[in-house]
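Quick look at final.cif (mmCIF, C-alpha atoms):
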data_final
#
loop_
_atom_site.label_atom_id
_atom_site.label_comp_id
_atom_site.auth_asym_id
_atom_site.auth_seq_id
_atom_site.Cartn_x
_atom_site.Cartn_y
_atom_site.Cartn_z
CA MET C 10 11.03 -4.20 29.36
CA SER C 11 12.73 -2.04 31.99
CA MET C 12 10.11 0.63 31.32
CA ILE C 13 7.32 -1.89 31.94
CA ARG C 14 8.84 -2.93 35.27
CA ASP C 15 9.17 0.71 36.29
CA LEU C 16 5.56 1.38 35.34
CA ARG C 17 4.33 -1.66 37.26
CA ASP C 18 5.97 -0.24 40.36
CA ALA C 19 4.53 3.18 39.58
CA VAL C 20 0.88 2.09 39.40
CA ARG C 21 0.58 0.30 42.73
CA PRO C 22 -2.84 0.83 44.33
CA SER C 23 -1.36 2.65 47.29
CA GLN C 24 0.14 5.26 44.98
CA ARG C 25 -3.06 5.61 42.98
CA LYS C 26 -4.99 6.66 46.07
CA ASP C 27 -2.34 8.75 47.80
CA SER C 28 -2.32 12.29 46.41
CA THR C 29 1.16 12.93 47.80
CA SER C 30 2.64 10.43 45.37
CA TYR C 31 1.83 12.76 42.45
CA SER C 32 4.55 15.15 43.53
CA SER C 33 6.99 12.88 41.71
CA TYR C 34 5.46 14.16 38.47
CA ASP C 35 7.17 17.52 38.45
CA THR C 36 7.14 19.03 34.98
CA THR C 37 9.37 21.91 36.00
CA ARG C 38 12.21 19.49 36.53
CA ASP C 39 11.68 17.57 33.30
CA PRO C 40 10.13 19.75 30.58
CA SER C 41 10.38 16.94 28.04
CA ALA C 42 7.86 14.95 30.08
CA VAL C 43 4.94 16.96 28.67
CA SER C 44 6.35 17.97 25.27
CA ALA C 45 3.98 15.52 23.57
CA VAL C 46 0.89 17.00 25.25
CA VAL C 47 -1.05 19.00 22.65
CA ASP C 48 -4.01 19.88 24.90
CA CYS C 49 -4.91 19.47 28.55
CA ALA C 50 -8.16 20.70 30.09
CA VAL C 51 -10.63 20.11 32.90
CA TYR C 52 -14.35 19.76 32.18
CA ARG C 53 -17.05 20.19 34.76
CA ASP C 54 -20.79 20.02 34.06
CA GLY C 55 -20.03 19.81 30.34
CA ARG C 56 -17.93 22.98 30.20
CA ARG C 57 -14.23 23.67 30.02
CA VAL C 58 -13.25 25.31 33.28
CA ALA C 59 -9.45 25.24 33.04
CA CYS C 60 -8.26 27.03 29.91
CA ASP C 61 -4.66 27.86 30.80
CA ASP C 62 -2.33 26.60 28.08
CA THR C 63 0.33 25.88 30.71
CA LEU C 64 -1.92 23.48 32.64
CA THR C 65 -0.14 20.18 33.27
CA PRO C 66 -1.80 16.76 33.65
CA HIS C 67 -0.83 16.75 37.33
CA GLU C 68 -2.45 20.14 37.93
CA ALA C 69 -5.53 19.08 35.98
CA MET C 70 -6.03 15.99 38.14
CA LEU C 71 -5.56 18.04 41.33
CA GLN C 72 -8.43 20.26 40.20
CA VAL C 73 -10.57 17.24 39.29
CA ARG C 74 -10.06 15.59 42.68
CA ARG C 75 -10.73 18.84 44.46
CA ASP C 76 -13.71 20.18 42.51
CA GLY C 77 -14.99 17.22 40.43
CA GLY C 78 -15.37 16.80 36.69
CA PHE C 79 -12.82 15.06 34.50
CA ALA C 80 -9.55 15.82 32.73
CA TRP C 81 -9.05 15.35 28.99
CA ILE C 82 -5.42 15.11 27.93
CA GLY C 83 -4.34 14.81 24.31
CA LEU C 84 -0.89 13.60 23.22
CA HIS C 85 0.75 13.16 19.83
CA GLU C 86 3.34 10.42 19.33
CA PRO C 87 4.83 10.48 22.84
CA THR C 88 8.10 8.74 23.62
CA GLU C 89 8.50 6.33 26.51
CA ALA C 90 10.05 9.04 28.66
CA GLU C 91 7.33 11.54 27.81
CA PHE C 92 4.54 9.12 28.63
CA ALA C 93 6.05 7.52 31.73
CA GLY C 94 5.06 10.36 34.07
CA ILE C 95 1.48 10.50 32.77
CA ALA C 96 1.17 6.72 32.99
CA ALA C 97 2.23 6.82 36.65
CA GLU C 98 -0.03 9.81 37.32
CA PHE C 99 -3.16 8.05 36.11
CA GLY C 100 -2.27 4.48 37.03
CA LEU C 101 -2.26 3.16 33.47
CA HIS C 102 -1.46 -0.49 32.93
CA PRO C 103 2.07 -1.11 31.56
CA LEU C 104 0.83 -3.31 28.69
CA ALA C 105 -1.57 -0.61 27.51
CA VAL C 106 1.17 2.00 27.87
CA GLU C 107 3.53 -0.07 25.74
CA ASP C 108 0.86 -0.39 23.03
CA ALA C 109 0.15 3.34 23.11
CA VAL C 110 3.80 4.33 22.78
CA HIS C 111 4.84 1.90 20.05
CA ALA C 112 1.59 2.05 18.03
CA HIS C 113 0.97 -0.27 15.02
CA GLN C 114 -1.79 -1.97 16.99
CA ARG C 115 -4.87 -3.81 15.86
CA PRO C 116 -8.18 -2.04 16.67
CA LYS C 117 -9.36 -3.41 19.99
CA LEU C 118 -11.07 -2.78 23.33
CA GLU C 119 -9.43 -3.93 26.57
CA ARG C 120 -10.18 -3.34 30.22
CA TYR C 121 -7.45 -2.87 32.81
CA ASP C 122 -8.87 -2.48 36.32
CA ASP C 123 -10.82 0.82 36.21
CA THR C 124 -9.57 1.89 32.78
CA LEU C 125 -10.81 1.10 29.28
CA PHE C 126 -8.13 1.02 26.60
CA THR C 127 -9.43 1.45 23.05
CA VAL C 128 -7.48 1.47 19.81
CA PHE C 129 -8.85 3.04 16.62
CA LYS C 130 -7.21 3.09 13.21
CA THR C 131 -7.81 6.32 11.35
CA ILE C 132 -8.02 6.34 7.55
CA HIS C 133 -7.26 9.34 5.35
CA TYR C 134 -7.96 9.41 1.61
CA VAL C 135 -5.05 10.72 -0.45
CA GLU C 136 -6.19 12.93 -3.31
CA HIS C 137 -4.57 12.14 -6.68
CA ALA C 138 -5.02 13.48 -10.20
CA GLU C 139 -4.63 10.04 -11.76
CA LEU C 140 -4.51 6.58 -10.26
CA THR C 141 -1.26 4.79 -11.09
CA ALA C 142 0.33 1.50 -10.10
CA THR C 143 2.24 3.33 -7.33
CA SER C 144 -0.47 5.72 -6.15
CA GLU C 145 -1.08 5.81 -2.41
CA VAL C 146 -4.85 5.86 -2.00
CA VAL C 147 -5.18 5.80 1.79
CA GLU C 148 -2.99 6.76 4.74
CA THR C 149 -3.49 5.20 8.14
CA GLY C 150 -2.94 6.50 11.64
CA GLU C 151 -3.94 5.47 15.14
CA VAL C 152 -5.78 6.92 18.09
CA MET C 153 -5.46 5.21 21.47
CA CYS C 154 -7.94 6.17 24.18
CA PHE C 155 -7.68 5.64 27.94
CA THR C 156 -11.09 6.06 29.56
CA GLY C 157 -11.22 6.35 33.35
CA ARG C 158 -13.73 7.58 35.92
CA ASP C 159 -12.33 11.09 36.01
CA PHE C 160 -9.96 11.29 33.07
CA PHE C 161 -9.73 10.69 29.35
CA ILE C 162 -6.38 10.40 27.53
CA THR C 163 -5.87 10.27 23.77
CA VAL C 164 -2.60 9.22 22.17
CA ARG C 165 -2.49 9.95 18.46
CA HIS C 166 -0.04 8.56 15.89
CA GLY C 167 0.18 9.75 12.30
CA GLY C 168 0.27 13.06 10.52
CA HIS C 169 -3.49 13.35 10.06
CA GLY C 170 -6.58 12.86 12.21
CA SER C 171 -6.15 15.85 14.52
CA LEU C 172 -8.73 15.96 17.31
CA ARG C 173 -8.70 19.72 17.86
CA ALA C 174 -11.80 20.36 15.74
CA LEU C 175 -13.56 17.43 17.38
CA ARG C 176 -12.76 18.82 20.85
CA ARG C 177 -14.16 22.22 19.90
CA ARG C 178 -17.29 20.64 18.45
CA LEU C 179 -17.85 18.57 21.57
CA GLN C 180 -17.38 21.64 23.76
CA ASP C 181 -20.32 23.18 21.92
CA GLU C 182 -22.52 20.33 23.22
CA PRO C 183 -22.25 20.66 27.03
CA GLU C 184 -25.24 18.34 27.60
CA LEU C 185 -23.35 15.49 25.94
CA LEU C 186 -19.99 16.37 27.46
CA ALA C 187 -21.57 16.40 30.92
CA LYS C 188 -21.99 12.62 30.65
CA GLY C 189 -18.29 12.27 31.39
CA PRO C 190 -15.31 10.60 29.67
CA SER C 191 -17.51 8.02 27.91
CA SER C 192 -19.07 10.84 25.87
CA VAL C 193 -15.62 11.70 24.54
CA LEU C 194 -14.99 8.05 23.68
CA HIS C 195 -18.24 7.93 21.72
CA THR C 196 -17.47 11.16 19.88
CA ILE C 197 -14.04 9.89 18.80
CA ALA C 198 -15.50 6.54 17.69
CA ASP C 199 -18.20 8.34 15.71
CA HIS C 200 -15.58 10.67 14.18
CA VAL C 201 -13.36 7.77 13.11
CA VAL C 202 -16.24 5.80 11.57
CA ASP C 203 -17.53 8.89 9.74
CA GLY C 204 -14.04 9.14 8.25
CA TYR C 205 -14.39 5.54 7.07
CA LEU C 206 -17.63 6.42 5.28
CA ALA C 207 -16.00 9.37 3.49
CA VAL C 208 -13.02 7.24 2.41
CA ALA C 209 -15.32 4.46 1.20
CA ASP C 210 -17.23 6.93 -0.99
CA ALA C 211 -13.98 8.28 -2.47
CA MET C 212 -12.61 4.80 -3.15
CA GLN C 213 -15.88 3.88 -4.87
CA VAL C 214 -15.14 6.59 -7.45
CA ASP C 215 -11.65 5.18 -8.12
CA ILE C 216 -13.01 1.66 -8.50
CA ASP C 217 -15.77 2.84 -10.84
CA ASP C 218 -13.19 4.64 -13.01
CA VAL C 219 -11.04 1.52 -13.30
CA GLU C 220 -14.09 -0.63 -14.02
CA ASN C 221 -15.20 1.70 -16.82
CA GLU C 222 -11.74 1.63 -18.37
CA VAL C 223 -11.57 -2.15 -18.27
CA PHE C 224 -14.89 -2.57 -20.07
CA ALA C 225 -14.50 0.38 -22.43
CA ALA C 226 -14.45 -0.97 -26.02
CA THR C 227 -12.12 0.33 -28.68
CA GLY C 228 -13.29 1.38 -32.14
CA LYS C 229 -13.29 -2.25 -33.30
CA GLY C 230 -15.12 -3.51 -30.25
CA VAL C 231 -12.08 -5.06 -28.55
CA SER C 232 -10.80 -3.72 -25.21
CA ARG C 233 -7.17 -4.24 -24.33
CA GLY C 234 -7.82 -3.54 -20.63
CA VAL C 235 -5.79 -1.34 -18.29
CA ASP C 236 -2.56 -1.68 -16.39
CA ALA C 237 -3.09 -4.56 -13.97
CA GLY C 238 -0.77 -2.80 -11.52
CA ARG C 239 -3.41 -0.13 -10.93
CA ILE C 240 -6.00 -2.73 -9.99
CA TYR C 241 -3.55 -4.55 -7.75
CA GLN C 242 -2.63 -1.28 -6.01
CA LEU C 243 -6.30 -0.63 -5.32
CA LYS C 244 -6.63 -4.12 -3.86
CA ARG C 245 -3.71 -3.41 -1.50
CA GLU C 246 -5.34 -0.20 -0.32
CA VAL C 247 -8.68 -1.95 0.18
CA LEU C 248 -6.90 -4.59 2.25
CA GLU C 249 -5.40 -1.85 4.43
CA PHE C 250 -8.87 -0.38 4.79
CA LYS C 251 -10.29 -3.77 5.80
CA ARG C 252 -7.64 -4.16 8.51
CA ALA C 253 -8.89 -0.96 10.11
CA VAL C 254 -12.62 -1.72 9.85
CA SER C 255 -13.15 -5.42 10.52
CA PRO C 256 -11.41 -5.74 13.94
CA LEU C 257 -13.33 -2.71 15.25
CA LEU C 258 -16.75 -4.35 14.84
CA ARG C 259 -16.52 -6.46 18.00
CA PRO C 260 -15.41 -3.57 20.29
CA MET C 261 -18.26 -1.38 19.03
CA GLN C 262 -20.75 -4.18 19.63
CA LEU C 263 -19.47 -4.62 23.18
CA LEU C 264 -19.71 -0.89 23.87
CA SER C 265 -23.26 -0.78 22.51
CA GLU C 266 -24.60 -3.99 24.08
CA ARG C 267 -22.71 -4.88 27.25
CA PRO C 268 -23.22 -2.67 30.35
CA MET C 269 -19.94 -1.15 31.55
CA ARG C 270 -19.27 0.87 34.66
CA LEU C 271 -17.17 3.39 32.77
CA VAL C 272 -19.76 3.96 30.03
CA ASP C 273 -22.82 6.04 30.81
CA PRO C 274 -26.06 4.16 29.91
CA ASP C 275 -27.28 7.15 27.92
CA ILE C 276 -24.03 7.20 25.92
CA GLN C 277 -24.22 3.47 25.30
CA LYS C 278 -27.25 4.02 23.10
CA TYR C 279 -25.20 6.23 20.80
CA PHE C 280 -22.65 3.46 20.29
CA ARG C 281 -25.37 1.43 18.54
CA ASP C 282 -25.50 4.02 15.79
CA VAL C 283 -21.71 3.90 15.44
CA ALA C 284 -21.82 0.09 15.24
CA ASP C 285 -24.48 0.28 12.50
CA HIS C 286 -22.38 2.70 10.45
CA LEU C 287 -19.33 0.53 10.93
CA ALA C 288 -21.23 -2.55 9.72
CA ARG C 289 -22.23 -0.60 6.61
CA VAL C 290 -18.60 0.33 5.93
CA GLN C 291 -17.52 -3.28 6.33
CA GLU C 292 -20.09 -4.37 3.77
CA GLN C 293 -18.74 -1.76 1.36
CA VAL C 294 -15.14 -2.84 1.90
CA LEU C 295 -15.97 -6.49 1.37
CA GLY C 296 -17.87 -5.51 -1.78
CA PHE C 297 -14.84 -3.53 -3.00
CA ASP C 298 -12.61 -6.56 -2.55
CA GLU C 299 -14.93 -8.87 -4.46
CA LEU C 300 -15.51 -6.30 -7.21
CA LEU C 301 -11.78 -5.74 -7.68
CA ASN C 302 -11.27 -9.49 -7.98
CA SER C 303 -13.87 -9.56 -10.76
CA ILE C 304 -12.35 -6.50 -12.45
CA LEU C 305 -8.88 -8.05 -12.36
CA GLN C 306 -10.16 -11.30 -13.88
CA ALA C 307 -12.07 -9.38 -16.54
CA ASN C 308 -8.98 -7.32 -17.34
CA LEU C 309 -6.90 -10.47 -17.79
CA ALA C 310 -9.64 -11.95 -19.97
CA GLN C 311 -9.72 -8.79 -22.10
CA ALA C 312 -5.96 -8.97 -22.55
CA ALA C 313 -6.21 -12.63 -23.57
CA VAL C 314 -8.95 -11.82 -26.09
CA ALA C 315 -6.85 -9.00 -27.54
CA GLN C 316 -3.88 -11.34 -27.88
CA ASN C 317 -6.04 -13.94 -29.61
CA GLU C 318 -7.28 -11.26 -31.99
CA ASP C 319 -3.71 -10.31 -32.84
CA MET C 320 -2.77 -13.93 -33.42
CA ARG C 321 -5.74 -14.41 -35.77
CA LYS C 322 -4.68 -11.42 -37.83
CA ILE C 323 -1.09 -12.60 -38.00
CA THR C 324 -2.22 -16.08 -39.02
CA SER C 325 -4.53 -14.65 -41.71
CA TRP C 326 -1.83 -12.55 -43.32
CA ALA C 327 0.57 -15.48 -43.12
CA ALA C 328 -1.96 -17.62 -45.05
CA ILE C 329 -2.28 -14.95 -47.74
CA ILE C 330 1.47 -14.52 -48.09
CA ALA C 331 1.90 -18.31 -48.29
CA VAL C 332 0.23 -18.38 -51.76
CA PRO C 333 2.79 -16.27 -53.72
CA THR C 334 5.55 -17.80 -51.64
CA ALA C 335 4.53 -21.32 -52.71
CA VAL C 336 4.06 -20.43 -56.41
CA CYS C 337 7.27 -18.44 -56.64
CA GLY C 338 9.08 -21.22 -54.83
CA VAL C 339 7.97 -23.75 -57.45
CA TYR C 340 8.88 -21.59 -60.43
CA GLY C 341 12.17 -20.65 -58.84
CA MET C 342 13.50 -24.21 -59.20
CA ASN C 343 16.07 -24.76 -61.94
CA PHE C 344 14.40 -27.45 -64.08
CA ASP C 345 14.49 -27.43 -67.88
CA HIS C 346 11.16 -29.10 -68.38
CA MET C 347 8.50 -27.16 -66.45
CA PRO C 348 4.88 -26.51 -67.50
CA GLU C 349 4.35 -23.15 -69.14
CA LEU C 350 7.99 -22.19 -68.55
CA HIS C 351 8.51 -20.98 -72.13
CA TRP C 352 4.91 -19.96 -72.81
CA ARG C 353 4.37 -16.30 -73.79
CA PHE C 354 1.45 -15.77 -71.37
CA GLY C 355 2.85 -17.86 -68.50
CA TYR C 356 4.07 -14.89 -66.40
CA PRO C 357 0.81 -12.84 -66.47
CA MET C 358 -1.15 -16.03 -65.90
CA VAL C 359 0.83 -16.84 -62.75
CA LEU C 360 0.45 -13.26 -61.43
CA GLY C 361 -3.27 -13.36 -62.08
CA LEU C 362 -3.58 -16.70 -60.36
CA ILE C 363 -1.67 -15.44 -57.32
CA GLY C 364 -3.80 -12.28 -57.11
CA THR C 365 -7.07 -14.17 -57.49
CA VAL C 366 -6.25 -16.72 -54.81
CA CYS C 367 -4.96 -14.06 -52.38
CA TYR C 368 -8.06 -11.92 -52.90
CA THR C 369 -10.34 -14.89 -52.34
CA ILE C 370 -8.56 -15.86 -49.11
CA HIS C 371 -8.58 -12.25 -47.84
CA ARG C 372 -12.29 -11.82 -48.51
CA THR C 373 -13.12 -15.14 -46.85
CA LEU C 374 -11.08 -14.36 -43.72
CA LYS C 375 -12.53 -10.85 -43.48
CA ARG C 376 -16.08 -12.17 -43.77
CA ASN C 377 -15.35 -14.60 -40.93
CA GLY C 378 -13.98 -11.83 -38.70
CA TRP C 379 -10.32 -12.78 -38.82
CA LEU C 380 -9.25 -9.51 -40.46
#

Would you mind writing the file out in structure tokens?
Amino acid sequence: MSMIRDLRDAVRPSQRKDSTSYSSYDTTRDPSAVSAVVDCAVYRDGRRVACDDTLTPHEAMLQVRRDGGFAWIGLHEPTEAEFAGIAAEFGLHPLAVEDAVHAHQRPKLERYDDTLFTVFKTIHYVEHAELTATSEVVETGEVMCFTGRDFFITVRHGGHGSLRALRRRLQDEPELLAKGPSSVLHTIADHVVDGYLAVADAMQVDIDDVENEVFAATGKGVSRGVDAGRIYQLKREVLEFKRAVSPLLRPMQLLSERPMRLVDPDIQKYFRDVADHLARVQEQVLGFDELLNSILQANLAQAAVAQNEDMRKITSWAAIIAVPTAVCGVYGMNFDHMPELHWRFGYPMVLGLIGTVCYTIHRTLKRNGWL
């Protein structure tokens, strides 16, 4: 909370307009203040004009205010101390700064004065040779974006989802980059949603494999299903996927439909395509959830059928064994006067009777599908 109070004092309007106030952001005195910065550049007319690797955010903004264009600053998992100077430099709202530093945020779009704060959840598919009950199918990360009139700041959390390749690709399209910071916001949104599509396709393969195993019949036409833990693990991963996709629908609709001062009208049209792709992913994720519910129920039903089959077999053999048990139990009693007890052919007759009855019961049960 002390950091928030300090930031509130740091982003007063008078400081935001007075260029002399930026002298407090002196990276030579506090090298750790920019240790989280992975890239800092100035773009003018769609081209990168400041390529010095030692360029600081303060120096970038001095160039922007002097010559025009906008600054794009990328950070990876900054600490409060590392981000405090940049937050004061660009007049970022303390609440947005707190969200960006601590991460674990829900996808959203918020406006603070002249800055748009957008949160994206990135999804990465984890390759695995075989799906198990403990397999991690997806990994999540976060990208927070601050979009201003003359700056764009990305704060990335997680070990995947690097934006270096995206920055290089966007630099190859100067006509799009010339539209300003909103073009970068669109490119990141499109990149994140394209990642969702790729993950959805990969998860479809895993779900299809589990579905085939559940309904695969054995040699006798009875499937004993698969480990229910595998299905449940897939459901957990789909739920994690849904948490990244569903909350992002509303922000994308706002960016594509509602006019905003910080979003170029030409760029706004591109957000419609992103929103359409996101809606498609959501439909897939909802379908995955419903399909996994059906697969889990079918798997439990298959297990119940297999158990019933085992019980029928046990019962059948118990009925067959009951015949000699009953006969031998009768003739094992110590009575002097018993039918056929002293007859010469009594023993083979009893054995033949037992065999005949057992054979008849076995054949009847087998014909009825119990054996």

Surrounding residues of stretch 203-220 of chain C excluding itself and chain neighbours under 6 positions, 7 Å, only C-alpha atoms, as a ChimeraX atom specification: /C:132-134,290,304

Result set, the PyMOL selection byres ((chain C and resi 366) around 12) on current file, as a ChimeraX atom specification: /C:328-333,335-336,359-365,367-373

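Picked by the PyMOL selection byres ((chain C and resi 187) around 9) from the coordinates shown: Tyr52, Arg53, Asp54, Gly55, Arg56, Gly78, Glu182, Pro183, Glu184, Leu185, Leu186, Lys188, Gly189, Pro190 and Ser192 of chain C.
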
Contacts of C:Thr88 at 9 Å or less, counting only C-alpha atoms, minus same-chain residues fewer than 3 places along, as an mmCIF file with C-alpha atoms, keeping the file's coordinate frame?
data_model
loop_
_atom_site.group_PDB
_atom_site.id
_atom_site.type_symbol
_atom_site.label_atom_id
_atom_site.label_comp_id
_atom_site.auth_asym_id
_atom_site.auth_seq_id
_atom_site.Cartn_x
_atom_site.Cartn_y
_atom_site.Cartn_z
ATOM 1 C CA ALA C 42 7.860 14.950 30.080
ATOM 2 C CA ALA C 45 3.980 15.520 23.570
ATOM 3 C CA GLU C 91 7.330 11.540 27.810
ATOM 4 C CA PHE C 92 4.540 9.120 28.630
ATOM 5 C CA ALA C 93 6.050 7.520 31.730
ATOM 6 C CA VAL C 110 3.800 4.330 22.780
ATOM 7 C CA HIS C 111 4.840 1.900 20.050
#

Using all atoms listed in the file: which of C:Arg321, C:Arg267, C:Arg353, C:His195 has the shortest distance to C:Asp282: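 Using all atoms listed in the file, the shortest distance to C:Asp282 belongs to C:His195.
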
Test item: which residues lie within 10 Å of (-2.9, 0.1, 31.5) counting all atoms listed in the file, as a list in words: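 Residues lying no farther than 10 Å from the given point: Leu16, Arg17, Val20, Ala96, Ala97, Phe99, Gly100, Leu101, His102, Pro103, Leu104, Ala105, Val106, Glu107, Asp108, Ala109, Glu119, Arg120, Tyr121, Asp122, Asp123, Thr124, Leu125, Phe126 and Phe155 of chain C.
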
12 Å contact set for C:Leu257, only C-alpha atoms, chain neighbours under 4 positions out, as an MDAnalysis selection string: chainID C and resid 114:118 127:131 198 201:202 205 250:253 261:264 283:288 290:291

Residue members of the PyMOL selection byres ((chain C and resi 73) around 12) in the file shown, as a list of chain:residue names: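 For this structure, the PyMOL selection byres ((chain C and resi 73) around 12) resolves to C:Ser28, C:Ala50, C:Val51, C:Tyr52, C:Arg53, C:Asp54, C:Arg57, C:Val58, C:Ala59, C:Pro66, C:His67, C:Glu68, C:Ala69, C:Met70, C:Leu71, C:Gln72, C:Arg74, C:Arg75, C:Asp76, C:Gly77, C:Gly78, C:Phe79, C:Ala80, C:Trp81, C:Arg158, C:Asp159, C:Phe160, C:Phe161.
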
Counting all atoms listed in the file, the residue of C:Glu151, C:Val193, C:Thr156, C:Leu380 that sits nearest C:Ala327: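 Nearest candidate to C:Ala327 out of C:Glu151, C:Val193, C:Thr156, C:Leu380: C:Leu380.
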
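In terms of minimum interatomic distance to C:Asp275, C:Ser191 ranks closest within C:Met153, C:Ser191, C:Glu136, C:Glu145, counting only C-alpha atoms.
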
C:Trp379, C:Tyr241, C:Phe224, C:Phe344 ranked by distance to C:Thr324, top pick (using all atoms listed in the file):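 Ranking C:Trp379, C:Tyr241, C:Phe224, C:Phe344 by distance to C:Thr324, first place goes to C:Trp379.
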
Atom-to-atom span, atom CA of C:Val247 and atom CA of C:Tyr279, Å: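 Between atom CA of C:Val247 and atom CA of C:Tyr279 the gap is 27.7 Å.
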
All residues 9 Å or closer to C:Lys244, all atoms listed in the file, same chain fewer than 6 positions away omitted, as a PyMOL selection string: chain C and resi 297-298+301-302

Let me see the file: selected residues, C-alpha atoms, as a CSV table (one decimal), in the frame of the given file.
chain,number,residue,atom,x,y,z
C,297,PHE,CA,-14.8,-3.5,-3.0
C,298,ASP,CA,-12.6,-6.6,-2.6
C,301,LEU,CA,-11.8,-5.7,-7.7
C,302,ASN,CA,-11.3,-9.5,-8.0

Between atom CA of C:Val135 and atom CA of C:Val254, distance in Å (one decimal):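 Atom CA of C:Val135 sits 17.8 Å away from atom CA of C:Val254.
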
Selected residue, from C:Val147, C:Val164, C:Met342, C:Val314, that lies nearest to C:Asp48 when counting only C-alpha atoms: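 For C:Asp48, the nearest of the given residues is C:Val164.
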
Nearest residue to C:Ser255 from the set C:Glu222, C:Ile197, C:Val294, C:Arg239 (distances using only C-alpha atoms):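 For C:Ser255, the nearest of the candidates is C:Val294.
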